[in-house]
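What follows is the content of input_10.pdb (PDB, C-alpha atoms, pLDDT in the B column).
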```pdb
MODEL        1
ATOM      1  CA  MET U1443      67.991 128.277 148.924  1.00 46.00           C
ATOM      2  CA  ARG U1444      67.786 125.380 151.362  1.00 45.00           C
ATOM      3  CA  TYR U1445      65.898 127.641 153.776  1.00 40.00           C
ATOM      4  CA  LEU U1446      63.379 128.598 151.082  1.00 33.00           C
ATOM      5  CA  THR U1447      62.863 124.944 150.134  1.00 40.00           C
ATOM      6  CA  SER U1448      62.215 123.989 153.755  1.00 43.00           C
ATOM      7  CA  LEU U1449      59.851 126.918 154.189  1.00 34.00           C
ATOM      8  CA  PHE U1450      57.957 125.967 151.037  1.00 36.00           C
ATOM      9  CA  THR U1451      57.643 122.383 152.285  1.00 40.00           C
ATOM     10  CA  LEU U1452      56.242 123.569 155.614  1.00 35.00           C
ATOM     11  CA  ILE U1453      53.729 125.783 153.836  1.00 31.00           C
ATOM     12  CA  LEU U1454      52.551 122.872 151.701  1.00 35.00           C
ATOM     13  CA  MET U1455      52.210 120.628 154.752  1.00 40.00           C
ATOM     14  CA  SER U1456      50.274 123.284 156.650  1.00 37.00           C
ATOM     15  CA  THR U1457      47.985 123.896 153.687  1.00 36.00           C
ATOM     16  CA  ALA U1458      47.300 120.171 153.350  1.00 44.00           C
ATOM     17  CA  ALA U1459      46.540 119.918 157.062  1.00 44.00           C
ATOM     18  CA  LEU U1460      44.147 122.861 156.922  1.00 37.00           C
ATOM     19  CA  ALA U1461      42.410 121.372 153.886  1.00 44.00           C
ATOM     20  CA  ALA U1462      42.022 118.041 155.635  1.00 48.00           C
ATOM     21  CA  ASN U1463      40.567 119.708 158.727  1.00 51.00           C
ATOM     22  CA  ALA U1464      38.213 121.789 156.586  1.00 48.00           C
ATOM     23  CA  LYS U1465      36.786 118.647 155.023  1.00 72.00           C
ATOM     24  CA  MET U1466      36.539 116.732 158.298  1.00 82.00           C
ATOM     25  CA  PRO U1467      32.881 115.906 159.044  1.00 90.00           C
ATOM     26  CA  ALA U1468      31.295 116.731 162.384  1.00 91.00           C
ATOM     27  CA  LYS U1469      30.262 113.101 162.843  1.00 90.00           C
ATOM     28  CA  ALA U1470      31.499 109.856 161.333  1.00 89.00           C
ATOM     29  CA  LEU U1471      31.881 106.167 162.025  1.00 85.00           C
ATOM     30  CA  CYS U1472      34.979 105.628 164.159  1.00 86.00           C
ATOM     31  CA  SER U1473      37.217 103.264 162.175  1.00 85.00           C
ATOM     32  CA  VAL U1474      38.495 101.605 165.352  1.00 84.00           C
ATOM     33  CA  CYS U1475      35.230 101.289 167.283  1.00 83.00           C
ATOM     34  CA  ALA U1476      33.457  99.956 164.194  1.00 79.00           C
ATOM     35  CA  LEU U1477      35.836  97.010 164.048  1.00 74.00           C
ATOM     36  CA  LYS U1478      36.382  96.357 167.737  1.00 72.00           C
ATOM     37  CA  GLY U1479      32.828  96.770 168.946  1.00 65.00           C
ATOM     38  CA  GLY U1480      30.708  96.532 165.836  1.00 65.00           C
ATOM     39  CA  GLU U1481      29.692 100.166 166.340  1.00 68.00           C
ATOM     40  CA  THR U1482      27.289 101.432 163.678  1.00 71.00           C
ATOM     41  CA  GLU U1483      26.348 104.843 165.102  1.00 80.00           C
ATOM     42  CA  LEU U1484      28.010 108.027 163.895  1.00 84.00           C
ATOM     43  CA  GLU U1485      30.125 109.669 166.595  1.00 89.00           C
ATOM     44  CA  LYS U1486      31.603 113.122 167.051  1.00 90.00           C
ATOM     45  CA  VAL U1487      34.898 113.290 165.169  1.00 92.00           C
ATOM     46  CA  ARG U1488      37.753 114.170 167.515  1.00 91.00           C
ATOM     47  CA  ALA U1489      40.680 112.984 165.400  1.00 91.00           C
ATOM     48  CA  HIS U1490      41.488 111.823 161.910  1.00 90.00           C
ATOM     49  CA  SER U1491      44.299 110.152 160.009  1.00 90.00           C
ATOM     50  CA  GLN U1492      45.369 109.437 156.449  1.00 90.00           C
ATOM     51  CA  HIS U1493      46.357 106.056 155.035  1.00 88.00           C
ATOM     52  CA  GLN U1494      47.115 105.399 151.376  1.00 86.00           C
ATOM     53  CA  GLY U1495      45.424 108.644 150.399  1.00 85.00           C
ATOM     54  CA  LYS U1496      42.179 107.958 152.263  1.00 88.00           C
ATOM     55  CA  ALA U1497      40.860 109.721 155.366  1.00 89.00           C
ATOM     56  CA  TYR U1498      39.825 107.818 158.497  1.00 90.00           C
ATOM     57  CA  TYR U1499      37.956 109.363 161.428  1.00 91.00           C
ATOM     58  CA  PHE U1500      37.985 108.603 165.141  1.00 90.00           C
ATOM     59  CA  CYS U1501      35.963 109.355 168.245  1.00 91.00           C
ATOM     60  CA  SER U1502      39.113 109.924 170.321  1.00 91.00           C
ATOM     61  CA  GLU U1503      42.850 110.495 170.096  1.00 92.00           C
ATOM     62  CA  GLU U1504      43.334 107.049 171.639  1.00 92.00           C
ATOM     63  CA  CYS U1505      41.555 105.438 168.680  1.00 90.00           C
ATOM     64  CA  LYS U1506      43.714 107.421 166.262  1.00 91.00           C
ATOM     65  CA  VAL U1507      46.899 106.255 168.004  1.00 91.00           C
ATOM     66  CA  GLU U1508      45.692 102.653 167.866  1.00 87.00           C
ATOM     67  CA  PHE U1509      44.870 102.966 164.169  1.00 88.00           C
ATOM     68  CA  ASP U1510      48.193 104.606 163.299  1.00 91.00           C
ATOM     69  CA  ALA U1511      50.076 101.775 165.021  1.00 88.00           C
ATOM     70  CA  ASP U1512      48.562  99.152 162.674  1.00 85.00           C
ATOM     71  CA  PRO U1513      46.383 100.705 159.941  1.00 84.00           C
ATOM     72  CA  VAL U1514      46.047  97.517 157.901  1.00 78.00           C
ATOM     73  CA  ALA U1515      44.218  95.788 160.758  1.00 76.00           C
ATOM     74  CA  TYR U1516      41.459  98.405 160.621  1.00 80.00           C
ATOM     75  CA  LEU U1517      40.963  98.662 156.876  1.00 78.00           C
ATOM     76  CA  PRO U1518      37.737  97.268 155.383  1.00 78.00           C
ATOM     77  CA  PRO U1519      38.238  93.514 154.869  1.00 82.00           C
ATOM     78  CA  VAL U1520      38.804  92.107 151.399  1.00 85.00           C
ATOM     79  CA  PHE U1521      36.866  88.993 150.341  1.00 93.00           C
ATOM     80  CA  PRO U1522      37.804  86.390 149.435  1.00 95.00           C
ATOM     81  CA  ARG U1523      41.319  86.200 150.848  1.00 95.00           C
ATOM     82  CA  PRO U1524      43.450  83.255 152.016  1.00 95.00           C
ATOM     83  CA  ALA U1525      43.081  82.315 155.666  1.00 94.00           C
ATOM     84  CA  PRO U1526      46.367  82.291 157.595  1.00 92.00           C
ATOM     85  CA  ALA U1527      47.835  78.823 158.060  1.00 88.00           C
ATOM     86  CA  PHE U1528      47.993  78.002 161.759  1.00 86.00           C
ATOM     87  CA  PHE U1529      48.186  75.221 164.330  1.00 87.00           C
ATOM     88  CA  ILE U1530      46.020  75.164 167.455  1.00 88.00           C
ATOM     89  CA  GLU U1531      46.082  72.885 170.492  1.00 88.00           C
ATOM     90  CA  MET U1532      43.265  70.505 171.331  1.00 88.00           C
ATOM     91  CA  LEU U1533      42.055  70.496 174.934  1.00 83.00           C
ATOM     92  CA  GLU U1534      42.929  66.823 175.262  1.00 79.00           C
ATOM     93  CA  GLY U1535      46.398  67.395 173.823  1.00 81.00           C
ATOM     94  CA  GLY U1536      47.887  67.360 170.348  1.00 85.00           C
ATOM     95  CA  ASP U1537      47.664  69.874 167.536  1.00 89.00           C
ATOM     96  CA  ARG U1538      45.329  70.442 164.625  1.00 91.00           C
ATOM     97  CA  SER U1539      45.947  72.490 161.531  1.00 91.00           C
ATOM     98  CA  LEU U1540      43.420  74.613 159.714  1.00 90.00           C
ATOM     99  CA  ALA U1541      44.329  72.559 156.648  1.00 91.00           C
ATOM    100  CA  ASP U1542      42.791  69.521 158.395  1.00 94.00           C
ATOM    101  CA  PHE U1543      39.367  71.057 157.788  1.00 94.00           C
ATOM    102  CA  ARG U1544      39.863  71.829 154.100  1.00 92.00           C
ATOM    103  CA  GLY U1545      36.813  70.769 152.108  1.00 95.00           C
ATOM    104  CA  LYS U1546      34.381  71.982 154.791  1.00 96.00           C
ATOM    105  CA  ILE U1547      32.682  75.303 155.373  1.00 97.00           C
ATOM    106  CA  VAL U1548      34.388  76.465 158.568  1.00 98.00           C
ATOM    107  CA  LEU U1549      33.440  79.167 161.053  1.00 98.00           C
ATOM    108  CA  VAL U1550      36.410  80.080 163.260  1.00 97.00           C
ATOM    109  CA  ASP U1551      35.244  81.708 166.490  1.00 97.00           C
ATOM    110  CA  PHE U1552      37.834  83.463 168.668  1.00 96.00           C
ATOM    111  CA  TRP U1553      36.592  83.706 172.244  1.00 96.00           C
ATOM    112  CA  ALA U1554      37.691  83.715 175.908  1.00 95.00           C
ATOM    113  CA  THR U1555      36.207  82.485 179.172  1.00 95.00           C
ATOM    114  CA  TRP U1556      36.276  86.022 180.610  1.00 94.00           C
ATOM    115  CA  CYS U1557      34.311  87.459 177.666  1.00 94.00           C
ATOM    116  CA  LYS U1558      30.573  87.580 178.443  1.00 94.00           C
ATOM    117  CA  PRO U1559      29.472  88.299 174.835  1.00 94.00           C
ATOM    118  CA  CYS U1560      31.571  85.308 173.760  1.00 95.00           C
ATOM    119  CA  ARG U1561      29.824  83.012 176.222  1.00 95.00           C
ATOM    120  CA  GLU U1562      26.456  84.278 175.010  1.00 95.00           C
ATOM    121  CA  THR U1563      27.529  83.610 171.432  1.00 94.00           C
ATOM    122  CA  MET U1564      28.525  79.980 171.873  1.00 96.00           C
ATOM    123  CA  PRO U1565      25.024  78.450 172.300  1.00 96.00           C
ATOM    124  CA  ARG U1566      23.997  80.184 169.059  1.00 96.00           C
ATOM    125  CA  LEU U1567      26.992  78.695 167.296  1.00 97.00           C
ATOM    126  CA  GLN U1568      26.133  75.304 168.751  1.00 97.00           C
ATOM    127  CA  LYS U1569      22.712  75.529 167.104  1.00 97.00           C
ATOM    128  CA  LEU U1570      24.350  76.315 163.768  1.00 97.00           C
ATOM    129  CA  HIS U1571      26.774  73.447 164.191  1.00 97.00           C
ATOM    130  CA  SER U1572      24.003  70.994 165.070  1.00 97.00           C
ATOM    131  CA  ALA U1573      21.834  72.137 162.177  1.00 97.00           C
ATOM    132  CA  TYR U1574      24.431  72.027 159.399  1.00 97.00           C
ATOM    133  CA  ALA U1575      27.294  69.736 160.451  1.00 97.00           C
ATOM    134  CA  ALA U1576      25.878  66.897 158.347  1.00 96.00           C
ATOM    135  CA  ARG U1577      26.135  69.137 155.279  1.00 96.00           C
ATOM    136  CA  GLY U1578      29.832  69.832 155.737  1.00 96.00           C
ATOM    137  CA  PHE U1579      29.801  72.757 158.174  1.00 98.00           C
ATOM    138  CA  GLU U1580      32.197  72.982 161.113  1.00 97.00           C
ATOM    139  CA  VAL U1581      32.562  75.464 163.965  1.00 97.00           C
ATOM    140  CA  LEU U1582      36.015  75.798 165.521  1.00 96.00           C
ATOM    141  CA  GLY U1583      36.013  77.505 168.903  1.00 96.00           C
ATOM    142  CA  VAL U1584      39.466  78.971 169.533  1.00 95.00           C
ATOM    143  CA  SER U1585      40.036  80.235 173.072  1.00 95.00           C
ATOM    144  CA  ILE U1586      42.535  83.066 173.449  1.00 93.00           C
ATOM    145  CA  ASP U1587      42.794  82.629 177.238  1.00 92.00           C
ATOM    146  CA  GLU U1588      46.436  83.041 178.225  1.00 86.00           C
ATOM    147  CA  ASP U1589      46.697  82.329 181.952  1.00 82.00           C
ATOM    148  CA  ASP U1590      48.346  79.159 183.267  1.00 79.00           C
ATOM    149  CA  ASN U1591      45.030  77.658 184.423  1.00 82.00           C
ATOM    150  CA  ARG U1592      43.259  78.156 181.107  1.00 84.00           C
ATOM    151  CA  ILE U1593      42.669  74.441 180.465  1.00 85.00           C
ATOM    152  CA  LYS U1594      40.874  74.120 183.816  1.00 88.00           C
ATOM    153  CA  LYS U1595      38.599  77.002 182.791  1.00 92.00           C
ATOM    154  CA  ILE U1596      38.001  76.293 179.111  1.00 94.00           C
ATOM    155  CA  GLY U1597      36.901  72.660 179.396  1.00 92.00           C
ATOM    156  CA  PRO U1598      34.316  73.184 182.167  1.00 94.00           C
ATOM    157  CA  MET U1599      33.000  76.289 180.410  1.00 94.00           C
ATOM    158  CA  ALA U1600      32.403  74.341 177.197  1.00 94.00           C
ATOM    159  CA  GLU U1601      30.689  71.554 179.157  1.00 94.00           C
ATOM    160  CA  LYS U1602      28.492  74.021 181.039  1.00 94.00           C
ATOM    161  CA  LEU U1603      27.335  75.526 177.743  1.00 95.00           C
ATOM    162  CA  ALA U1604      26.795  72.046 176.224  1.00 96.00           C
ATOM    163  CA  ILE U1605      29.192  72.735 173.359  1.00 97.00           C
ATOM    164  CA  SER U1606      29.893  69.758 171.106  1.00 95.00           C
ATOM    165  CA  TYR U1607      31.875  71.468 168.355  1.00 96.00           C
ATOM    166  CA  PRO U1608      35.691  71.372 168.715  1.00 94.00           C
ATOM    167  CA  ILE U1609      37.252  73.747 171.230  1.00 94.00           C
ATOM    168  CA  PHE U1610      40.925  74.643 170.919  1.00 93.00           C
ATOM    169  CA  VAL U1611      43.542  76.589 172.853  1.00 92.00           C
ATOM    170  CA  ASP U1612      45.341  79.354 170.991  1.00 87.00           C
ATOM    171  CA  ALA U1613      48.617  79.122 172.874  1.00 69.00           C
ATOM    172  CA  LYS U1614      51.302  78.873 170.210  1.00 69.00           C
ATOM    173  CA  GLN U1615      54.291  81.211 170.039  1.00 69.00           C
ATOM    174  CA  THR U1616      52.536  82.995 167.176  1.00 77.00           C
ATOM    175  CA  PRO U1617      48.847  82.766 168.159  1.00 88.00           C
ATOM    176  CA  ALA U1618      46.231  82.352 165.471  1.00 90.00           C
ATOM    177  CA  TRP U1619      44.396  85.437 166.686  1.00 89.00           C
ATOM    178  CA  HIS U1620      47.508  87.483 165.914  1.00 87.00           C
ATOM    179  CA  GLN U1621      47.628  86.059 162.405  1.00 90.00           C
ATOM    180  CA  PHE U1622      43.947  86.881 161.874  1.00 92.00           C
ATOM    181  CA  LYS U1623      44.599  90.394 163.267  1.00 89.00           C
ATOM    182  CA  VAL U1624      41.822  90.057 165.831  1.00 91.00           C
ATOM    183  CA  LYS U1625      41.343  93.327 167.716  1.00 87.00           C
ATOM    184  CA  ALA U1626      38.227  92.426 169.719  1.00 89.00           C
ATOM    185  CA  ILE U1627      36.176  89.355 170.589  1.00 94.00           C
ATOM    186  CA  PRO U1628      33.961  87.642 169.777  1.00 94.00           C
ATOM    187  CA  ALA U1629      35.505  87.570 166.316  1.00 95.00           C
ATOM    188  CA  MET U1630      34.322  85.130 163.656  1.00 97.00           C
ATOM    189  CA  PHE U1631      35.742  84.240 160.262  1.00 97.00           C
ATOM    190  CA  LEU U1632      33.846  82.178 157.700  1.00 98.00           C
ATOM    191  CA  LEU U1633      36.003  80.043 155.405  1.00 97.00           C
ATOM    192  CA  ASP U1634      34.915  78.334 152.209  1.00 96.00           C
ATOM    193  CA  ARG U1635      35.912  74.814 151.193  1.00 96.00           C
ATOM    194  CA  GLU U1636      39.200  76.065 149.712  1.00 95.00           C
ATOM    195  CA  GLY U1637      40.250  77.820 152.912  1.00 95.00           C
ATOM    196  CA  GLN U1638      39.403  81.346 151.735  1.00 96.00           C
ATOM    197  CA  ILE U1639      37.948  83.867 154.183  1.00 97.00           C
ATOM    198  CA  VAL U1640      34.633  84.922 152.657  1.00 97.00           C
ATOM    199  CA  ALA U1641      33.044  86.819 155.576  1.00 97.00           C
ATOM    200  CA  GLN U1642      33.862  88.011 159.082  1.00 95.00           C
ATOM    201  CA  TRP U1643      32.143  89.559 162.095  1.00 94.00           C
ATOM    202  CA  THR U1644      33.347  91.248 165.279  1.00 90.00           C
ATOM    203  CA  GLY U1645      31.631  92.548 168.406  1.00 85.00           C
ATOM    204  CA  LYS U1646      27.904  93.068 167.836  1.00 82.00           C
ATOM    205  CA  ILE U1647      27.020  90.174 165.560  1.00 89.00           C
ATOM    206  CA  ASP U1648      23.892  89.628 163.487  1.00 91.00           C
ATOM    207  CA  TYR U1649      23.456  85.860 163.805  1.00 92.00           C
ATOM    208  CA  GLU U1650      20.815  85.700 161.114  1.00 94.00           C
ATOM    209  CA  GLN U1651      23.385  87.204 158.769  1.00 95.00           C
ATOM    210  CA  VAL U1652      25.927  84.602 159.877  1.00 96.00           C
ATOM    211  CA  GLU U1653      23.497  81.759 159.219  1.00 97.00           C
ATOM    212  CA  GLN U1654      22.577  83.118 155.793  1.00 97.00           C
ATOM    213  CA  ALA U1655      26.262  83.388 154.879  1.00 97.00           C
ATOM    214  CA  VAL U1656      26.795  79.777 155.961  1.00 97.00           C
ATOM    215  CA  LEU U1657      23.787  78.576 153.971  1.00 97.00           C
ATOM    216  CA  ARG U1658      24.954  80.346 150.826  1.00 96.00           C
ATOM    217  CA  ARG U1659      28.297  78.594 151.094  1.00 95.00           C
ATOM    218  CA  LEU U1660      26.652  75.227 151.614  1.00 95.00           C
ATOM    219  CA  GLU U1661      24.707  75.548 148.367  1.00 82.00           C
ATOM    220  CA  PRO U1662      26.232  73.697 145.380  1.00 65.00           C
ATOM    221  CA  ARG U1663      27.003  76.893 143.436  1.00 47.00           C
ATOM    222  CA  ALA U1664      27.811  79.075 146.426  1.00 46.00           C
ATOM    223  CA  GLU U1665      31.477  79.388 145.525  1.00 46.00           C
ATOM    224  CA  ALA U1666      30.541  81.728 142.686  1.00 45.00           C
ATOM    225  CA  GLU U1667      28.552  84.003 144.987  1.00 47.00           C
ATOM    226  CA  GLY U1668      29.574  86.713 147.406  1.00 50.00           C
ATOM    227  CA  PRO U1669      29.424  86.322 151.189  1.00 52.00           C
TER     228      PRO U1669
ENDMDL
END
```
Would you put the structure from the file into structure tokens?
Amino acid sequence: MRYLTSLFTLILMSTAALAANAKMPAKALCSVCALKGGETELEKVRAHSQHQGKAYYFCSEECKVEFDADPVAYLPPVFPRPAPAFFIEMLEGGDRSLADFRGKIVLVDFWATWCKPCRETMPRLQKLHSAYAARGFEVLGVSIDEDDNRIKKIGPMAEKLAISYPIFVDAKQTPAWHQFKVKAIPAMFLLDREGQIVAQWTGKIDYEQVEQAVLRRLEPRAEAEGP
């Protein structure tokens, strides 16, 4: 009887696997590449996985393995949701908390000195900061550099790019980028005045979309609107 039960279970599993493969599309958006690189092109499906009854497709086995290790990090984001509470170090010393910026519209930008797209992003963010800071908008640049000489790199880099918005070092035991589940940079999170994440972008970023999202939140009735 036990043998028959085991055999029946194997048959069911095999049937489910065959059904899943039969429904697998030839091309799809890779769930990992879409988040990490902002990929929007359909790619040849080479692997797939299931999570909470939904199918996810990947351009490689490596992407599938990465997804299976932490599926929640690759699920479509939910808005609004509370931003993780964290402390970050100022370049000149001392800590700041995200709660210190409550009441402002905040754009948290995770970046690194070795990331070329990040460096190209920062002047655009500086323009946003300069244009809307007087209306209660703040950009927080959070460097995820981890080497021992990071302070000597981060400060000069910010000066070279003429950045005036606050730059922080994400060097705590539990880094903020871990709490935000950042998988690729640049990664940006827009927070409303109550500290709720209302929009986010990773990889290839549409800066006009970012600015429009900021403007909607700066409007008096923006809290009732979507991102």
**Request:** Rank nothing, just name the residue among U:Tyr1607, U:Tyr1649, U:Phe1579, U:Phe1552 nearest to Pro1628 (chain U), using only C-alpha atoms.
**Result:** U:Phe1552
Could you give me the axis-aligned bounding box of region 1474-1490 of chain U, with 6 Å of padding per side, as centre plus edge lengths in Å to one decimal, as lines of an AutoDock Vina configuration file?
```
center_x = 33.9
center_y = 105.3
center_z = 165.4
size_x = 27.1
size_y = 29.8
size_z = 19.0
```
For Ala1511 (chain U): contacts at 12 Å, all atoms listed in the file, fewer than 4 positions along chain excluded, given as a PDB file with C-alpha atoms, in the coordinates of the input:
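Below you can see selection.pdb, which holds the result:
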```
ATOM      1  CA  VAL U1474      38.495 101.605 165.352  1.00 84.00           C
ATOM      2  CA  SER U1491      44.299 110.152 160.009  1.00 90.00           C
ATOM      3  CA  HIS U1493      46.357 106.056 155.035  1.00 88.00           C
ATOM      4  CA  GLU U1504      43.334 107.049 171.639  1.00 92.00           C
ATOM      5  CA  CYS U1505      41.555 105.438 168.680  1.00 90.00           C
ATOM      6  CA  LYS U1506      43.714 107.421 166.262  1.00 91.00           C
ATOM      7  CA  VAL U1507      46.899 106.255 168.004  1.00 91.00           C
ATOM      8  CA  ALA U1515      44.218  95.788 160.758  1.00 76.00           C
ATOM      9  CA  TYR U1516      41.459  98.405 160.621  1.00 80.00           C
TER      10      TYR U1516
END
```
So which residues get picked by the PyMOL selection byres ((chain U and resi 1537) around 12) here, written as a compact mmCIF listing (two decimals) with C-alpha atoms, in the frame of the given file?
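Contents of the output file result_23.txt:
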```
# COMPACT_ATOMS: atom_id res chain seq x y z
CA PHE U 1528 47.99 78.00 161.76
CA PHE U 1529 48.19 75.22 164.33
CA ILE U 1530 46.02 75.16 167.46
CA GLU U 1531 46.08 72.89 170.49
CA MET U 1532 43.26 70.50 171.33
CA LEU U 1533 42.06 70.50 174.93
CA GLU U 1534 42.93 66.82 175.26
CA GLY U 1535 46.40 67.40 173.82
CA GLY U 1536 47.89 67.36 170.35
CA ARG U 1538 45.33 70.44 164.62
CA SER U 1539 45.95 72.49 161.53
CA LEU U 1540 43.42 74.61 159.71
CA ALA U 1541 44.33 72.56 156.65
CA ASP U 1542 42.79 69.52 158.40
CA ILE U 1609 37.25 73.75 171.23
CA PHE U 1610 40.92 74.64 170.92
CA VAL U 1611 43.54 76.59 172.85
CA ASP U 1612 45.34 79.35 170.99
CA ALA U 1613 48.62 79.12 172.87
CA LYS U 1614 51.30 78.87 170.21
```
Neighbourhood query: residues within 12 Å of (28.5, 70.0, 157.3), file coordinates, counting only C-alpha atoms; return as a CSV table (one decimal) with C-alpha atoms, keeping the file's coordinate frame.
```
chain,number,residue,atom,x,y,z
U,1543,PHE,CA,39.4,71.1,157.8
U,1544,ARG,CA,39.9,71.8,154.1
U,1545,GLY,CA,36.8,70.8,152.1
U,1546,LYS,CA,34.4,72.0,154.8
U,1547,ILE,CA,32.7,75.3,155.4
U,1548,VAL,CA,34.4,76.5,158.6
U,1549,LEU,CA,33.4,79.2,161.1
U,1570,LEU,CA,24.4,76.3,163.8
U,1571,HIS,CA,26.8,73.4,164.2
U,1572,SER,CA,24.0,71.0,165.1
U,1573,ALA,CA,21.8,72.1,162.2
U,1574,TYR,CA,24.4,72.0,159.4
U,1575,ALA,CA,27.3,69.7,160.5
U,1576,ALA,CA,25.9,66.9,158.3
U,1577,ARG,CA,26.1,69.1,155.3
U,1578,GLY,CA,29.8,69.8,155.7
U,1579,PHE,CA,29.8,72.8,158.2
U,1580,GLU,CA,32.2,73.0,161.1
U,1581,VAL,CA,32.6,75.5,164.0
U,1607,TYR,CA,31.9,71.5,168.4
U,1634,ASP,CA,34.9,78.3,152.2
U,1635,ARG,CA,35.9,74.8,151.2
U,1656,VAL,CA,26.8,79.8,156.0
U,1657,LEU,CA,23.8,78.6,154.0
U,1659,ARG,CA,28.3,78.6,151.1
U,1660,LEU,CA,26.7,75.2,151.6
U,1661,GLU,CA,24.7,75.5,148.4
```
**Request:** Starting from the point (44.8, 79.2, 150.9), work out which residues of protein, DNA or RNA have an atom no more than 7 Å away when counting all atoms listed in the file; state them as number ranges by chain.
**Result:** U: 1524-1525, 1636-1638
**Message:** Please report the interatomic distance between CA of Gln1494 (chain U) and CA of Asp1510 (chain U) in Å with one decimal.
**Reply:** 12.0 Å
**Prompt:** So how far away is CA of Cys1560 (chain U) from CA of Glu1508 (chain U), in Å?
**Reply:**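 Separation between CA of Glu1508 (chain U) and CA of Cys1560 (chain U): 23.1 Å.
Counting from CA of Ile1586 (chain U), the distance to CA of Glu1503 (chain U) is 27.6 Å.
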**Message:** Which residues are near Ser1606 (chain U)? Cut-off 8 Å, all atoms listed in the file, ignore same chain within fewer than 2 positions. Put them as a VMD selection string.
**Reply:** chain U and resid 1568 1604 1608
**Item:** Residue neighbourhood Ile1627 (chain U), 9 Å, only C-alpha atoms, exclusion window fewer than 2 positions, as an MDAnalysis selection string
**Value:** chainID U and resid 1478:1479 1551:1554 1557 1559:1560 1624:1625 1629:1630 1644:1645
**Prompt:** From the set U:Asp1512, U:Glu1485, U:Glu1601, U:Asp1587, which residue has the shortest atom-to-atom contact distance to Met1564 (chain U), counting all atoms listed in the file?
**Reply:** U:Glu1601
**Prompt:** Which one is closest to Pro1598 (chain U): U:Lys1646, U:Thr1555, U:Ala1626, U:Thr1616? Count only C-alpha atoms.
**Reply:**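 The answer is U:Thr1555, which sits nearest to Pro1598 (chain U).
Distances to Phe1631 (chain U) were evaluated for U:Ser1585, U:Leu1567, U:Val1550, U:Ser1473 using all atoms listed in the file, and the minimum falls at U:Val1550.
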**Prompt:** Evaluating the PyMOL selection byres ((chain U and resi 1469) around 7) on the displayed file yields which residues, as a PyMOL selection string?
**Reply:** chain U and resi 1467-1468+1470+1484-1487
